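Trainee: Next comes the structure file my_file15.txt, holding compact mmCIF, C-alpha atoms.
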```txt
# COMPACT_ATOMS: atom_id res chain seq x y z
CA MET A 314 0.24 9.49 17.09
CA ASN A 315 3.18 7.16 17.17
CA SER A 316 6.20 9.26 16.13
CA ARG A 317 7.61 6.40 14.07
CA LEU A 318 4.38 6.19 12.05
CA LYS A 319 4.32 9.99 11.72
CA ARG A 320 7.83 9.98 10.24
CA SER A 321 6.95 7.07 7.94
CA LEU A 322 3.88 8.58 6.28
CA PRO A 323 5.68 10.88 3.83
CA VAL A 324 7.88 7.95 2.89
CA ILE A 325 4.82 5.74 2.37
CA ALA A 326 3.22 8.36 0.14
CA LEU A 327 6.38 8.79 -1.89
CA LEU A 328 6.92 5.04 -2.17
CA ALA A 329 3.37 4.66 -3.49
CA GLY A 330 4.20 7.16 -6.21
CA PHE A 331 7.55 5.54 -7.02
CA LEU A 332 5.96 2.09 -7.09
CA ALA A 333 3.30 3.34 -9.46
CA ALA A 334 5.95 4.95 -11.65
CA SER A 335 7.96 1.74 -11.81
CA LEU A 336 4.91 -0.41 -12.57
CA TRP A 337 3.56 2.02 -15.15
CA PRO A 338 6.44 4.01 -16.66
CA GLY A 339 5.48 7.50 -17.69
CA GLU A 340 3.55 10.31 -16.17
CA VAL A 341 2.20 9.67 -12.66
CA THR A 342 -0.09 11.99 -10.74
CA THR A 343 -0.53 11.41 -7.01
CA VAL A 344 -3.66 12.81 -5.37
CA ILE A 345 -3.80 12.88 -1.57
CA LEU A 346 -7.28 13.55 -0.22
CA VAL A 347 -8.26 14.47 3.33
CA ARG A 348 -11.48 15.65 4.82
CA HIS A 349 -11.16 18.97 6.63
CA ALA A 350 -10.22 18.72 10.29
CA GLU A 351 -12.71 19.00 13.15
CA LYS A 352 -14.90 22.07 12.96
CA SER A 353 -16.50 24.22 15.60
CA ALA A 354 -20.24 24.83 15.70
CA THR A 355 -20.05 28.48 14.72
CA PRO A 356 -20.61 30.27 12.53
CA PRO A 357 -23.11 27.68 11.27
CA ASP A 358 -22.78 28.53 7.57
CA ASP A 359 -18.95 28.48 7.51
CA PRO A 360 -17.48 27.17 10.76
CA LEU A 361 -13.87 27.57 11.79
CA LEU A 362 -11.73 24.67 12.97
CA SER A 363 -12.09 23.65 16.58
CA SER A 364 -8.98 23.55 18.77
CA LEU A 365 -8.74 19.81 18.06
CA GLY A 366 -9.07 20.55 14.34
CA SER A 367 -6.27 23.11 14.53
CA MET A 368 -4.05 20.50 16.19
CA ARG A 369 -4.93 17.99 13.46
CA ALA A 370 -4.04 20.56 10.76
CA ILE A 371 -0.61 21.01 12.35
CA ALA A 372 -0.18 17.23 12.52
CA LEU A 373 -1.10 16.95 8.82
CA ALA A 374 1.55 19.53 7.98
CA GLY A 375 4.14 17.56 9.92
CA MET A 376 3.21 14.34 8.14
CA LEU A 377 3.20 15.73 4.61
CA GLN A 378 5.94 18.36 4.76
CA GLU A 379 8.43 16.01 3.08
CA ALA A 380 5.96 14.23 0.78
CA GLY A 381 6.72 16.30 -2.31
CA ILE A 382 3.42 18.19 -2.46
CA ASP A 383 3.35 20.42 -5.55
CA VAL A 384 -0.19 21.78 -5.32
CA ILE A 385 -2.65 22.26 -2.46
CA ILE A 386 -6.35 22.59 -3.22
CA ALA A 387 -9.14 23.53 -0.80
CA SER A 388 -12.77 24.51 -1.16
CA GLN A 389 -13.99 28.01 -0.43
CA PHE A 390 -14.89 27.15 3.17
CA GLN A 391 -12.76 28.28 6.12
CA ARG A 392 -12.43 24.76 7.53
CA THR A 393 -10.83 23.30 4.39
CA ARG A 394 -8.49 26.26 3.99
CA ALA A 395 -7.49 26.17 7.67
CA THR A 396 -6.81 22.42 7.45
CA VAL A 397 -4.11 22.94 4.82
CA ALA A 398 -2.85 26.35 6.01
CA PRO A 399 0.02 25.06 8.20
CA LEU A 400 1.34 22.87 5.36
CA ALA A 401 0.91 25.64 2.78
CA THR A 402 2.89 27.98 5.02
CA ALA A 403 5.62 25.40 5.60
CA LEU A 404 5.92 24.70 1.85
CA ASP A 405 5.46 28.34 0.81
CA LEU A 406 2.54 27.35 -1.44
CA GLU A 407 -0.61 29.35 -2.06
CA PRO A 408 -3.59 26.99 -1.87
CA VAL A 409 -5.75 26.90 -4.98
CA ILE A 410 -9.37 27.54 -4.05
CA ILE A 411 -11.90 25.58 -6.09
CA PRO A 412 -15.49 25.84 -4.83
CA ALA A 413 -16.96 22.60 -3.51
CA ASN A 414 -19.72 22.70 -6.11
CA GLU A 415 -17.21 22.93 -8.99
CA GLN A 416 -15.94 19.37 -8.85
CA GLY A 417 -15.78 19.09 -12.64
CA ARG A 418 -13.31 21.98 -12.64
CA LEU A 419 -11.27 20.26 -9.93
CA ILE A 420 -11.08 16.96 -11.81
CA ALA A 421 -10.19 18.75 -15.05
CA ALA A 422 -7.35 20.59 -13.26
CA ILE A 423 -5.98 17.32 -11.84
CA ARG A 424 -6.09 15.67 -15.26
CA SER A 425 -4.49 18.60 -17.11
CA ALA A 426 -2.82 21.47 -15.21
CA TYR A 427 -1.65 19.26 -12.31
CA ARG A 428 -0.90 16.13 -14.31
CA GLY A 429 2.35 14.53 -13.20
CA LYS A 430 2.30 16.38 -9.87
CA THR A 431 1.53 15.49 -6.26
CA VAL A 432 -1.70 17.20 -5.24
CA LEU A 433 -3.21 17.55 -1.76
CA ILE A 434 -6.96 18.16 -1.62
CA SER A 435 -8.81 19.22 1.53
CA GLY A 436 -12.48 18.43 1.02
CA HIS A 437 -15.63 17.44 2.84
CA SER A 438 -17.32 14.21 3.92
CA ASN A 439 -19.43 14.29 0.76
CA THR A 440 -16.88 15.65 -1.73
CA VAL A 441 -13.88 13.41 -0.93
CA PRO A 442 -15.71 10.18 -1.92
CA SER A 443 -17.19 11.93 -4.95
CA ILE A 444 -13.76 13.14 -6.08
CA MET A 445 -12.43 9.61 -5.65
CA ALA A 446 -15.26 8.27 -7.83
CA ASP A 447 -14.50 10.86 -10.50
CA LEU A 448 -10.85 9.79 -10.42
CA GLY A 449 -11.87 6.19 -11.12
CA ILE A 450 -12.40 4.55 -7.74
CA ALA A 451 -15.28 2.12 -8.33
CA SER A 452 -16.50 1.99 -4.72
CA PRO A 453 -15.23 4.99 -2.78
CA PRO A 454 -15.65 4.78 0.99
CA GLU A 455 -18.31 6.69 2.82
CA ILE A 456 -17.07 9.25 5.32
CA SER A 457 -19.27 9.78 8.35
CA GLU A 458 -19.84 13.16 9.94
CA GLN A 459 -17.57 12.04 12.80
CA GLN A 460 -14.56 10.93 10.70
CA TYR A 461 -11.65 13.32 10.35
CA ASP A 462 -8.63 11.03 10.47
CA ASN A 463 -8.49 9.36 7.05
CA MET A 464 -6.08 10.07 4.26
CA PHE A 465 -6.60 8.63 0.80
CA ILE A 466 -3.89 8.39 -1.85
CA VAL A 467 -4.93 7.90 -5.45
CA THR A 468 -2.31 7.28 -8.11
CA LEU A 469 -3.11 8.12 -11.72
CA HIS A 470 -0.99 7.01 -14.64
CA HIS A 471 -1.58 9.16 -17.71
CA GLY A 472 -4.84 10.26 -16.08
CA ILE A 473 -6.11 6.71 -15.43
CA MET A 474 -6.52 5.49 -11.84
CA ARG A 475 -3.98 2.77 -11.09
CA SER A 476 -3.92 2.43 -7.32
CA THR A 477 -5.50 3.73 -4.17
CA ALA A 478 -4.62 3.52 -0.50
CA ARG A 479 -6.53 4.47 2.64
CA MET A 480 -4.78 5.31 5.86
CA THR A 481 -6.27 6.10 9.20
CA ALA A 482 -3.23 8.12 9.90
CA LEU A 483 -4.14 11.56 11.09
CA GLN A 484 -4.29 10.67 14.75
CA PHE A 485 -2.13 12.45 17.26
```
Transcribe the structure of this file into structure tokens.
Mentor:
Amino acid sequence: MNSRLKRSLPVIALLAGFLAASLWPGEVTTVILVRHAEKSATPPDDPLLSSLGSMRAIALAGMLQEAGIDVIIASQFQRTRATVAPLATALDLEPVIIPANEQGRLIAAIRSAYRGKTVLISGHSNTVPSIMADLGIASPPEISEQQYDNMFIVTLHHGIMRSTARMTALQF
């Protein structure tokens, strides 16, 4: 990844939040969503990250270390937890584990317990678009089985979706 772009991403994320706050004064919640990084083939029911996925997780940590992340959420699967582990370690945060099939609980937490915070969510190709829809995105993008490099930023003002951004930014 271009080092200039890598250094700019936290600034872009923060500017999105500041822009939202200036356009809609009051409480702003920023939700950053990523699909887990590349996975290996084994074990089939809960695969680990591949070596490429581990490198992507480290790159994600480098990009978001200065983005003001308050909360990190992952599903119960190893690949989502490993994707956010380097950032969690760098920020000294304990990831909150919310099972992939408990999306209602996740959305409720964003709208209440994490309201006004910056939240990073590591999800799956099927859950990231679904979470975006539940946050108010009318037509969330589909994520193919081969896509691991997108980051989505959703800005909520008083719990109502106000803006969204998609970046193909997790390349290295």
Trainee: Of the candidates A:Val347, A:Leu362, A:Val409, A:Ala421, which one gets nearest to Gln460 in chain A if we count only C-alpha atoms?
Mentor: A:Val347
Trainee: In Å to one decimal, how far is CA of Val397 in chain A from CA of Glu458 in chain A?
Mentor: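 According to the coordinates, CA of Glu458 in chain A and CA of Val397 in chain A are separated by 19.2 Å.
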Trainee: By how many Å are CA of Leu406 in chain A and CA of Ser353 in chain A apart?
Mentor: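 Distance between the two atoms: 25.7 Å.
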Trainee: Using all atoms listed in the file, find all polymer residues with an atom at most 6 Å away from the point (-11.4, 21.2, 16.0); report them as an mmCIF file with C-alpha atoms, in the frame of the given file.
Mentor:
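Listing of part.cif after writing:
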```cif
data_model
loop_
_atom_site.group_PDB
_atom_site.id
_atom_site.type_symbol
_atom_site.label_atom_id
_atom_site.label_comp_id
_atom_site.auth_asym_id
_atom_site.auth_seq_id
_atom_site.Cartn_x
_atom_site.Cartn_y
_atom_site.Cartn_z
ATOM 1 C CA GLU A 351 -12.710 19.000 13.150
ATOM 2 C CA LYS A 352 -14.900 22.070 12.960
ATOM 3 C CA SER A 353 -16.500 24.220 15.600
ATOM 4 C CA LEU A 362 -11.730 24.670 12.970
ATOM 5 C CA SER A 363 -12.090 23.650 16.580
ATOM 6 C CA SER A 364 -8.980 23.550 18.770
ATOM 7 C CA LEU A 365 -8.740 19.810 18.060
ATOM 8 C CA GLY A 366 -9.070 20.550 14.340
ATOM 9 C CA SER A 367 -6.270 23.110 14.530
#
```
